[in-house]
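Enquirer: Input my_file10.txt, format and content: compact mmCIF, C-alpha atoms.
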# COMPACT_ATOMS: atom_id res chain seq x y z
CA MET T 1 -8.13 -13.33 15.19
CA ALA T 2 -9.97 -14.09 18.44
CA SER T 3 -13.65 -15.04 18.31
CA GLU T 4 -15.81 -12.04 17.54
CA PRO T 5 -18.53 -10.67 19.89
CA GLN T 6 -22.05 -11.08 18.55
CA SER T 7 -22.49 -7.32 18.10
CA PHE T 8 -19.27 -7.12 16.08
CA THR T 9 -20.35 -10.07 13.92
CA SER T 10 -23.80 -8.57 13.26
CA ASN T 11 -22.27 -5.23 12.34
CA LEU T 12 -19.79 -6.98 10.08
CA ASP T 13 -22.56 -8.89 8.32
CA ARG T 14 -24.46 -5.65 7.74
CA LYS T 15 -21.42 -3.90 6.29
CA GLU T 16 -20.52 -6.83 4.07
CA HIS T 17 -24.08 -6.86 2.72
CA ALA T 18 -23.84 -3.11 2.05
CA LEU T 19 -20.55 -3.62 0.20
CA ARG T 20 -21.94 -6.38 -2.00
CA ALA T 21 -25.07 -4.36 -2.76
CA ARG T 22 -22.94 -1.38 -3.76
CA LEU T 23 -20.74 -3.51 -6.01
CA ALA T 24 -23.78 -5.09 -7.66
CA SER T 25 -25.14 -1.61 -8.41
CA LEU T 26 -22.01 -0.71 -10.38
CA GLY T 27 -22.66 -3.10 -13.24
CA SER T 28 -18.99 -3.39 -14.12
CA VAL T 29 -15.83 -2.07 -12.50
CA LEU T 30 -12.05 -1.83 -12.79
CA VAL T 31 -10.38 -2.28 -9.41
CA ALA T 32 -7.09 -0.49 -8.74
CA TYR T 33 -5.27 -3.49 -7.27
CA SER T 34 -1.99 -3.47 -5.37
CA GLY T 35 -2.16 -6.82 -3.57
CA GLY T 36 -2.54 -5.18 -0.15
CA THR T 37 -5.29 -6.39 2.15
CA ASP T 38 -7.79 -3.66 1.23
CA SER T 39 -7.47 -3.74 -2.55
CA ALA T 40 -7.22 -7.55 -2.58
CA PHE T 41 -10.43 -7.89 -0.55
CA LEU T 42 -12.15 -5.37 -2.81
CA ALA T 43 -11.03 -7.24 -5.94
CA TRP T 44 -12.11 -10.58 -4.46
CA SER T 45 -15.50 -9.18 -3.40
CA ALA T 46 -16.06 -7.55 -6.78
CA HIS T 47 -15.30 -10.85 -8.49
CA GLN T 48 -17.69 -12.69 -6.18
CA VAL T 49 -20.47 -10.24 -7.03
CA LEU T 50 -19.76 -9.28 -10.65
CA GLY T 51 -17.81 -12.22 -12.03
CA GLU T 52 -16.24 -11.36 -15.38
CA LYS T 53 -17.72 -7.87 -15.23
CA MET T 54 -14.79 -6.81 -13.07
CA LEU T 55 -11.08 -6.56 -13.75
CA ALA T 56 -8.27 -6.06 -11.23
CA VAL T 57 -5.59 -3.78 -12.66
CA LEU T 58 -2.14 -3.94 -11.10
CA ALA T 59 0.18 -1.00 -11.81
CA ASP T 60 3.83 -1.98 -12.13
CA SER T 61 6.58 0.59 -11.67
CA PRO T 62 10.01 0.87 -9.98
CA SER T 63 8.28 1.89 -6.72
CA LEU T 64 6.54 -1.50 -6.43
CA PRO T 65 8.75 -4.14 -4.76
CA ARG T 66 9.20 -7.27 -6.90
CA ARG T 67 8.12 -9.37 -3.93
CA GLU T 68 4.81 -7.48 -3.68
CA LEU T 69 4.24 -7.80 -7.43
CA LYS T 70 4.72 -11.56 -7.22
CA LEU T 71 2.41 -11.94 -4.20
CA ALA T 72 -0.31 -9.82 -5.84
CA ILE T 73 -0.26 -11.92 -9.01
CA GLU T 74 -0.30 -15.15 -7.01
CA PHE T 75 -3.34 -14.03 -4.99
CA ALA T 76 -5.32 -13.13 -8.11
CA GLU T 77 -4.38 -16.38 -9.83
CA HIS T 78 -5.30 -18.47 -6.77
CA TRP T 79 -8.80 -16.96 -6.61
CA HIS T 80 -9.23 -16.80 -10.40
CA ILE T 81 -9.67 -13.03 -10.29
CA PRO T 82 -9.34 -11.45 -13.75
CA LEU T 83 -6.09 -9.47 -13.70
CA LYS T 84 -4.26 -7.11 -15.99
CA VAL T 85 -0.76 -5.81 -15.20
CA ILE T 86 0.00 -2.40 -16.69
CA ALA T 87 2.99 -0.05 -16.57
CA THR T 88 2.67 3.41 -15.06
CA GLN T 89 5.15 6.21 -15.69
CA GLU T 90 5.04 8.33 -12.55
CA MET T 91 8.85 8.33 -12.48
CA ASP T 92 8.77 10.46 -15.65
CA ARG T 93 6.74 13.16 -13.92
CA PRO T 94 9.00 15.89 -12.48
CA GLU T 95 6.33 16.67 -9.87
CA TYR T 96 6.56 13.10 -8.60
CA ALA T 97 10.33 12.74 -8.80
CA ARG T 98 11.02 15.91 -6.80
CA ASN T 99 9.32 14.17 -3.84
CA ASP T 100 7.50 16.91 -1.99
CA SER T 101 4.51 16.29 0.28
CA ASP T 102 2.24 15.93 -2.79
CA ARG T 103 4.18 13.01 -4.27
CA CYS T 104 1.37 10.56 -3.58
CA PHE T 105 -1.09 12.80 -5.42
CA HIS T 106 1.03 12.75 -8.58
CA CYS T 107 1.46 8.97 -8.32
CA LYS T 108 -2.27 8.36 -8.03
CA ASP T 109 -3.02 10.96 -10.69
CA GLU T 110 -0.83 8.95 -13.09
CA LEU T 111 -2.47 5.70 -12.01
CA PHE T 112 -6.03 6.93 -12.39
CA THR T 113 -5.26 8.64 -15.71
CA VAL T 114 -4.04 5.30 -17.06
CA LEU T 115 -6.99 3.44 -15.51
CA GLU T 116 -9.46 5.87 -17.05
CA LYS T 117 -8.00 5.10 -20.46
CA GLN T 118 -8.26 1.37 -19.73
CA ARG T 119 -11.84 1.76 -18.54
CA ALA T 120 -12.87 3.53 -21.75
CA GLU T 121 -11.05 1.08 -24.02
CA LEU T 122 -12.35 -2.05 -22.28
CA GLY T 123 -15.91 -0.83 -21.78
CA PHE T 124 -16.12 -0.82 -17.98
CA GLN T 125 -18.48 1.59 -16.24
CA HIS T 126 -16.52 2.52 -13.12
CA ILE T 127 -13.13 2.55 -11.39
CA ALA T 128 -12.80 1.69 -7.69
CA TYR T 129 -9.94 1.56 -5.20
CA GLY T 130 -9.33 0.19 -1.73
CA LYS T 131 -9.79 3.22 0.50
CA ASN T 132 -11.30 2.21 3.84
CA LEU T 133 -13.00 4.27 6.53
CA ASP T 134 -9.82 4.62 8.62
CA ASP T 135 -7.95 6.17 5.68
CA GLN T 136 -10.12 9.28 5.89
CA GLY T 137 -8.25 10.43 8.99
CA ASP T 138 -4.77 9.81 7.60
CA PHE T 139 -2.41 11.92 5.48
CA ARG T 140 -3.11 10.57 2.01
CA PRO T 141 -2.87 13.11 -0.84
CA GLY T 142 -3.73 10.32 -3.27
CA GLN T 143 -7.34 10.55 -2.10
CA ARG T 144 -7.57 13.96 -3.77
CA ALA T 145 -6.50 12.39 -7.07
CA ALA T 146 -9.21 9.74 -6.66
CA GLU T 147 -11.82 12.42 -6.13
CA GLU T 148 -10.66 14.39 -9.18
CA HIS T 149 -10.93 11.24 -11.33
CA ASN T 150 -14.30 10.20 -9.85
CA VAL T 151 -12.84 6.94 -8.54
CA LEU T 152 -15.18 5.10 -6.18
CA SER T 153 -14.31 3.73 -2.73
CA PRO T 154 -16.85 0.96 -1.99
CA LEU T 155 -15.13 -0.18 1.22
CA ALA T 156 -15.36 3.29 2.75
CA GLU T 157 -18.91 3.69 1.44
CA ALA T 158 -19.81 0.53 3.36
CA CYS T 159 -18.15 2.09 6.46
CA LEU T 160 -15.62 -0.74 6.66
CA LYS T 161 -12.60 -0.18 8.89
CA LYS T 162 -9.26 -1.92 8.51
CA ILE T 163 -9.84 -4.36 11.37
CA GLU T 164 -13.23 -5.28 9.89
CA ILE T 165 -11.74 -5.89 6.45
CA ARG T 166 -9.15 -8.19 8.01
CA SER T 167 -11.93 -10.05 9.85
CA LEU T 168 -13.91 -10.50 6.62
CA CYS T 169 -10.79 -11.75 4.86
CA GLU T 170 -10.13 -14.29 7.60
CA ARG T 171 -13.76 -15.40 7.55
CA ALA T 172 -13.54 -15.96 3.78
CA GLY T 173 -10.27 -17.88 4.07
CA LEU T 174 -8.23 -15.23 2.27
CA GLN T 175 -4.59 -15.53 3.24
CA ILE T 176 -4.08 -11.78 3.02
CA TRP T 177 -6.08 -11.18 6.23
CA SER T 178 -2.86 -10.85 8.25
CA LYS T 179 -0.68 -9.32 5.53
CA PRO T 180 1.42 -6.42 6.91
CA ALA T 181 0.88 -3.00 5.38
CA SER T 182 3.32 -2.21 2.59
CA ALA T 183 3.36 1.28 1.11
CA CYS T 184 5.30 2.01 -2.06
CA LEU T 185 9.09 2.22 -1.91
CA SER T 186 9.04 5.96 -2.57
CA SER T 187 7.39 6.50 0.82
CA ARG T 188 10.71 5.48 2.42
CA ILE T 189 12.57 8.51 0.98
CA GLU T 190 12.71 11.73 2.99
CA TYR T 191 10.69 14.57 1.50
CA GLY T 192 12.74 16.81 -0.78
CA ARG T 193 15.17 14.08 -1.79
CA PRO T 194 14.51 13.11 -5.42
CA VAL T 195 13.02 9.72 -6.19
CA THR T 196 15.40 7.77 -8.45
CA ARG T 197 15.49 4.19 -9.61
CA GLU T 198 18.83 3.72 -7.86
CA THR T 199 17.44 4.92 -4.53
CA LEU T 200 14.38 2.68 -4.83
CA ALA T 201 16.58 -0.31 -5.66
CA ALA T 202 18.75 0.28 -2.58
CA ILE T 203 15.67 0.46 -0.34
CA GLU T 204 14.17 -2.70 -1.81
CA THR T 205 17.43 -4.63 -1.49
CA GLY T 206 17.81 -3.46 2.11
CA GLU T 207 14.29 -4.51 3.09
CA ASP T 208 14.72 -7.88 1.41
CA ALA T 209 17.90 -8.38 3.45
CA LEU T 210 16.07 -7.49 6.68
CA ARG T 211 13.41 -10.11 5.94
CA GLN T 212 16.08 -12.70 5.21
CA ILE T 213 17.57 -12.23 8.69
CA GLY T 214 14.16 -12.51 10.35
CA PHE T 215 12.76 -8.97 10.58
CA GLN T 216 9.42 -9.39 8.85
CA GLN T 217 8.03 -5.94 9.75
CA ALA T 218 10.70 -3.37 8.96
CA ARG T 219 11.29 -0.23 6.93
CA VAL T 220 14.41 1.23 5.33
CA ARG T 221 14.12 5.03 5.57
CA HIS T 222 16.45 6.82 3.13
CA HIS T 223 18.03 10.06 4.37
CA GLY T 224 20.83 10.41 1.83
CA GLU T 225 24.07 9.20 3.38
CA ILE T 226 22.10 8.03 6.42
CA VAL T 227 19.79 5.03 6.54
CA ARG T 228 17.26 4.92 9.38
CA ILE T 229 16.09 1.36 9.97
CA GLU T 230 12.75 0.81 11.65
CA ILE T 231 12.19 -2.61 13.20
CA ALA T 232 8.93 -3.87 14.77
CA ARG T 233 8.99 -3.06 18.49
CA GLU T 234 8.78 -6.71 19.49
CA ASP T 235 12.01 -7.36 17.57
CA LEU T 236 13.99 -4.38 18.85
CA ALA T 237 15.77 -6.37 21.57
CA ARG T 238 17.22 -8.68 18.94
CA ALA T 239 18.12 -5.73 16.74
CA PHE T 240 19.95 -3.84 19.48
CA THR T 241 22.86 -6.24 19.97
CA PRO T 242 26.48 -5.66 18.95
CA GLU T 243 26.37 -8.73 16.71
CA MET T 244 23.26 -7.59 14.84
CA ALA T 245 24.55 -4.02 14.60
CA ALA T 246 27.70 -5.28 12.88
CA ARG T 247 25.59 -7.32 10.48
CA LEU T 248 23.37 -4.36 9.61
CA VAL T 249 26.35 -2.06 9.08
CA LEU T 250 27.82 -4.55 6.61
CA ILE T 251 24.56 -4.88 4.68
CA PHE T 252 23.78 -1.20 4.37
CA LYS T 253 27.26 0.13 3.74
CA LYS T 254 27.41 -2.21 0.75
CA LEU T 255 24.27 -0.41 -0.48
CA GLY T 256 26.06 2.93 -0.41
CA PHE T 257 25.07 4.38 2.97
CA LYS T 258 27.80 6.01 5.04
CA TYR T 259 25.92 5.96 8.34
CA VAL T 260 23.68 3.12 9.57
CA THR T 261 21.16 3.89 12.31
CA LEU T 262 18.42 1.98 14.15
CA ASP T 263 15.31 3.97 15.11
CA CYS T 264 14.67 3.59 18.85
CA GLU T 265 10.91 4.09 18.37
CA GLY T 266 10.67 1.04 16.14
CA TYR T 267 8.49 0.58 13.08
CA ARG T 268 5.52 2.88 12.58
CA SER T 269 3.58 3.62 9.43
CA GLY T 270 4.02 7.05 7.87
CA SER T 271 6.93 8.17 10.05
CA MET T 272 8.26 10.37 7.24
CA ASN T 273 5.16 12.56 7.65
CA ALA T 274 6.31 13.61 11.13
CA VAL T 275 8.39 16.42 9.61
CA LEU T 276 5.44 17.97 7.76
CA PRO T 277 3.70 21.07 9.17
CA ILE T 278 0.28 20.16 10.57
CA ASP T 279 -1.44 22.71 8.32
CA GLN T 280 0.03 21.03 5.25
CA ILE T 281 -1.33 17.67 6.38
CA ARG T 282 -4.79 19.13 6.93
CA MET T 283 -4.80 20.77 3.49
CA ALA T 284 -4.02 17.43 1.81
CA ASN T 285 -7.11 15.72 3.21
In structure tokens, how does this file's structure come out?
Expert:
Amino acid sequence: MASEPQSFTSNLDRKEHALRARLASLGSVLVAYSGGTDSAFLAWSAHQVLGEKMLAVLADSPSLPRRELKLAIEFAEHWHIPLKVIATQEMDRPEYARNDSDRCFHCKDELFTVLEKQRAELGFQHIAYGKNLDDQGDFRPGQRAAEEHNVLSPLAEACLKKIEIRSLCERAGLQIWSKPASACLSSRIEYGRPVTRETLAAIETGEDALRQIGFQQARVRHHGEIVRIEIAREDLARAFTPEMAARLVLIFKKLGFKYVTLDCEGYRSGSMNAVLPIDQIRMAN
């Protein structure tokens, strides 16, 4: 990142101090850890403040890409952050598998139910997750699950925004400061189409293939027989060539898709939510 203005730096210092004070007040905490920038920074900060009185808990399921699992474990090991990998069973919940607009709620409800059991068994006082201030204006039904389970959000409590968290990560020398966002694989499936292990595997294989040919920021959106590929806007020119189109058709038809499409708007987070009625989005927050 470019050098920060003095006012930004002072504000950042104040918010980091508020975060550390909040973490210290918890006594002990389980951190819901995914390896993304927010949860990784929260886990690192909690370890800096609380030492062995914190534990990062990483939930493994078919919706977590193997690449993300590996990176999350490597980050925790590098910084000596106490880590426990657990299995969650959201795929066994019919409410999750049917994939309506509340899917994320049922996923997080499963996660926090399991974490609450872990918290009680291991003797920790609190559970926290990586919600930041910007998340409050987004469509995230999982936040309702966090509220119902009394899960804390220290980053949001410290009024930290995403760009500020990235700046603090860079300042601390954490390699995840520039890590692209990576939602779960189920978020790539159109609402109303059931979440299955086979569908998740096809999406993961497709996104791995896109990275291998140089598209580092990309999404495979599953619409049944149709795949809608989102590529970062700066890479669209390379994507929209006859040679690349032929390559993508070969890759995705092997994965079972009958029609292979490139989204002209490029990659954008949460594009599946565009089909939801605005009232439904408001109700979820």
Enquirer: Hey, which of T:Tyr96, T:Tyr33, T:Trp44, T:Phe8 ends up closest to Ser186 in chain T? Count only C-alpha atoms.
Expert: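 Among the listed residues, T:Tyr96 lies closest to Ser186 in chain T.
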Enquirer: So that each row is one residue of range 11-83 of chain T with an atom at most 12 Å from range 167-175 of chain T, can you give its shortest atom pair and the distance in Å to one decimal, using all atoms listed in the file, rows by chain and rising number, as JSON lines?
Expert:
{"residue": "T:Asn11", "atom": "CA", "partner": "T:Leu168", "partner_atom": "CA", "distance": 11.4}
{"residue": "T:Leu12", "atom": "CA", "partner": "T:Leu168", "partner_atom": "CA", "distance": 7.7}
{"residue": "T:Asp13", "atom": "CA", "partner": "T:Leu168", "partner_atom": "CA", "distance": 9.0}
{"residue": "T:Arg14", "atom": "CA", "partner": "T:Leu168", "partner_atom": "CA", "distance": 11.7}
{"residue": "T:Lys15", "atom": "CA", "partner": "T:Leu168", "partner_atom": "CA", "distance": 10.0}
{"residue": "T:Glu16", "atom": "CA", "partner": "T:Leu168", "partner_atom": "CA", "distance": 8.0}
{"residue": "T:His17", "atom": "CA", "partner": "T:Leu168", "partner_atom": "CA", "distance": 11.5}
{"residue": "T:Leu19", "atom": "CA", "partner": "T:Leu168", "partner_atom": "CA", "distance": 11.5}
{"residue": "T:Gly35", "atom": "CA", "partner": "T:Gln175", "partner_atom": "CA", "distance": 11.3}
{"residue": "T:Gly36", "atom": "CA", "partner": "T:Gln175", "partner_atom": "CA", "distance": 11.1}
{"residue": "T:Thr37", "atom": "CA", "partner": "T:Cys169", "partner_atom": "CA", "distance": 8.1}
{"residue": "T:Asp38", "atom": "CA", "partner": "T:Cys169", "partner_atom": "CA", "distance": 9.4}
{"residue": "T:Ser39", "atom": "CA", "partner": "T:Cys169", "partner_atom": "CA", "distance": 11.4}
{"residue": "T:Ala40", "atom": "CA", "partner": "T:Leu174", "partner_atom": "CA", "distance": 9.1}
{"residue": "T:Phe41", "atom": "CA", "partner": "T:Cys169", "partner_atom": "CA", "distance": 6.7}
{"residue": "T:Leu42", "atom": "CA", "partner": "T:Cys169", "partner_atom": "CA", "distance": 10.1}
{"residue": "T:Ala43", "atom": "CA", "partner": "T:Cys169", "partner_atom": "CA", "distance": 11.7}
{"residue": "T:Trp44", "atom": "CA", "partner": "T:Leu174", "partner_atom": "CA", "distance": 9.1}
{"residue": "T:Ser45", "atom": "CA", "partner": "T:Cys169", "partner_atom": "CA", "distance": 9.8}
{"residue": "T:Gln48", "atom": "CA", "partner": "T:Ala172", "partner_atom": "CA", "distance": 11.3}
{"residue": "T:Leu71", "atom": "CA", "partner": "T:Gln175", "partner_atom": "CA", "distance": 10.8}
{"residue": "T:Ala72", "atom": "CA", "partner": "T:Gln175", "partner_atom": "CA", "distance": 11.5}
{"residue": "T:Glu74", "atom": "CA", "partner": "T:Gln175", "partner_atom": "CA", "distance": 11.1}
{"residue": "T:Phe75", "atom": "CA", "partner": "T:Gln175", "partner_atom": "CA", "distance": 8.5}
{"residue": "T:Ala76", "atom": "CA", "partner": "T:Leu174", "partner_atom": "CA", "distance": 11.0}
{"residue": "T:His78", "atom": "CA", "partner": "T:Leu174", "partner_atom": "CA", "distance": 10.0}
{"residue": "T:Trp79", "atom": "CA", "partner": "T:Leu174", "partner_atom": "CA", "distance": 9.1}
Enquirer: In Å, how far is it from CA of Leu50 in chain T to CA of Cys107 in chain T?
Expert: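 Atom-to-atom, CA of Leu50 in chain T to CA of Cys107 in chain T, that is 28.1 Å.
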Enquirer: May I ask for the distance between CA of Arg228 in chain T and CA of Gly214 in chain T, given in Å to one decimal place?
Expert: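 Computing the Euclidean distance for CA of Arg228 in chain T and CA of Gly214 in chain T yields 17.7 Å.
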Enquirer: With all atoms listed in the file as the atoms that count, which of T:Arg93, T:Arg247, T:His47, T:His106 lies nearest to Ile81 in chain T?
Expert: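 Looking at the shortest contact to Ile81 in chain T, the residue is T:His47.
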Enquirer: Please determine, counting only C-alpha atoms, which residue among T:Val220, T:Ala202, T:Ala21, T:Ala232 has the shortest atom-to-atom distance to Val49 in chain T.
Expert: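 The shortest atom-to-atom distance to Val49 in chain T comes from T:Ala21.
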Enquirer: What is the distance, in Å and to one decimal place, between CA of Val29 in chain T and CA of Glu157 in chain T?
Expert: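 Value for the CA of Val29 in chain T-CA of Glu157 in chain T distance: 15.4 Å.
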Enquirer: Regenerate range 18-37 of chain T at the level of N, CA, C and O atoms and dump it as an mmCIF file, in the coordinates of the input.
Expert:
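Listed below is the output, out.cif:
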data_model
loop_
_atom_site.group_PDB
_atom_site.id
_atom_site.type_symbol
_atom_site.label_atom_id
_atom_site.label_comp_id
_atom_site.auth_asym_id
_atom_site.auth_seq_id
_atom_site.Cartn_x
_atom_site.Cartn_y
_atom_site.Cartn_z
ATOM 1 N N ALA T 18 -23.838 -4.436 2.679
ATOM 2 C CA ALA T 18 -23.840 -3.110 2.050
ATOM 3 C C ALA T 18 -22.781 -3.030 0.954
ATOM 4 O O ALA T 18 -23.019 -2.456 -0.118
ATOM 5 N N LEU T 19 -21.616 -3.614 1.203
ATOM 6 C CA LEU T 19 -20.550 -3.620 0.200
ATOM 7 C C LEU T 19 -20.987 -4.373 -1.048
ATOM 8 O O LEU T 19 -20.829 -3.885 -2.179
ATOM 9 N N ARG T 20 -21.541 -5.561 -0.851
ATOM 10 C CA ARG T 20 -21.940 -6.380 -2.000
ATOM 11 C C ARG T 20 -23.084 -5.711 -2.795
ATOM 12 O O ARG T 20 -23.104 -5.777 -4.021
ATOM 13 N N ALA T 21 -23.988 -5.068 -2.078
ATOM 14 C CA ALA T 21 -25.070 -4.360 -2.760
ATOM 15 C C ALA T 21 -24.523 -3.205 -3.581
ATOM 16 O O ALA T 21 -24.968 -2.960 -4.718
ATOM 17 N N ARG T 22 -23.549 -2.500 -3.031
ATOM 18 C CA ARG T 22 -22.940 -1.380 -3.760
ATOM 19 C C ARG T 22 -22.205 -1.881 -4.996
ATOM 20 O O ARG T 22 -22.325 -1.295 -6.085
ATOM 21 N N LEU T 23 -21.465 -2.959 -4.867
ATOM 22 C CA LEU T 23 -20.740 -3.510 -6.010
ATOM 23 C C LEU T 23 -21.706 -3.979 -7.089
ATOM 24 O O LEU T 23 -21.478 -3.752 -8.283
ATOM 25 N N ALA T 24 -22.794 -4.617 -6.687
ATOM 26 C CA ALA T 24 -23.780 -5.090 -7.660
ATOM 27 C C ALA T 24 -24.385 -3.924 -8.435
ATOM 28 O O ALA T 24 -24.684 -4.039 -9.637
ATOM 29 N N SER T 25 -24.530 -2.778 -7.762
ATOM 30 C CA SER T 25 -25.140 -1.610 -8.410
ATOM 31 C C SER T 25 -24.233 -0.988 -9.472
ATOM 32 O O SER T 25 -24.703 -0.212 -10.309
ATOM 33 N N LEU T 26 -22.958 -1.332 -9.449
ATOM 34 C CA LEU T 26 -22.010 -0.710 -10.380
ATOM 35 C C LEU T 26 -22.113 -1.276 -11.791
ATOM 36 O O LEU T 26 -21.733 -0.615 -12.752
ATOM 37 N N GLY T 27 -22.568 -2.484 -11.914
ATOM 38 C CA GLY T 27 -22.660 -3.100 -13.240
ATOM 39 C C GLY T 27 -21.354 -3.704 -13.683
ATOM 40 O O GLY T 27 -21.257 -4.910 -13.935
ATOM 41 N N SER T 28 -20.329 -2.901 -13.790
ATOM 42 C CA SER T 28 -18.990 -3.390 -14.120
ATOM 43 C C SER T 28 -17.967 -2.423 -13.540
ATOM 44 O O SER T 28 -18.244 -1.226 -13.411
ATOM 45 N N VAL T 29 -16.798 -2.928 -13.188
ATOM 46 C CA VAL T 29 -15.830 -2.070 -12.500
ATOM 47 C C VAL T 29 -14.399 -2.546 -12.723
ATOM 48 O O VAL T 29 -14.121 -3.753 -12.772
ATOM 49 N N LEU T 30 -13.490 -1.582 -12.871
ATOM 50 C CA LEU T 30 -12.050 -1.830 -12.790
ATOM 51 C C LEU T 30 -11.638 -1.563 -11.355
ATOM 52 O O LEU T 30 -12.009 -0.527 -10.779
ATOM 53 N N VAL T 31 -10.869 -2.464 -10.772
ATOM 54 C CA VAL T 31 -10.380 -2.280 -9.410
ATOM 55 C C VAL T 31 -8.888 -1.969 -9.457
ATOM 56 O O VAL T 31 -8.102 -2.744 -10.010
ATOM 57 N N ALA T 32 -8.515 -0.824 -8.890
ATOM 58 C CA ALA T 32 -7.090 -0.490 -8.740
ATOM 59 C C ALA T 32 -6.525 -1.422 -7.683
ATOM 60 O O ALA T 32 -6.821 -1.290 -6.493
ATOM 61 N N TYR T 33 -5.696 -2.359 -8.109
ATOM 62 C CA TYR T 33 -5.270 -3.490 -7.270
ATOM 63 C C TYR T 33 -3.780 -3.415 -7.011
ATOM 64 O O TYR T 33 -2.979 -3.270 -7.934
ATOM 65 N N SER T 34 -3.411 -3.489 -5.729
ATOM 66 C CA SER T 34 -1.990 -3.470 -5.370
ATOM 67 C C SER T 34 -1.538 -4.772 -4.725
ATOM 68 O O SER T 34 -0.345 -5.013 -4.589
ATOM 69 N N GLY T 35 -2.497 -5.597 -4.291
ATOM 70 C CA GLY T 35 -2.160 -6.820 -3.570
ATOM 71 C C GLY T 35 -2.196 -6.651 -2.066
ATOM 72 O O GLY T 35 -2.058 -7.625 -1.321
ATOM 73 N N GLY T 36 -2.369 -5.405 -1.583
ATOM 74 C CA GLY T 36 -2.540 -5.180 -0.150
ATOM 75 C C GLY T 36 -3.894 -5.702 0.316
ATOM 76 O O GLY T 36 -4.773 -6.007 -0.500
ATOM 77 N N THR T 37 -4.082 -5.793 1.607
ATOM 78 C CA THR T 37 -5.290 -6.390 2.150
ATOM 79 C C THR T 37 -6.560 -5.712 1.632
ATOM 80 O O THR T 37 -7.514 -6.383 1.228
#
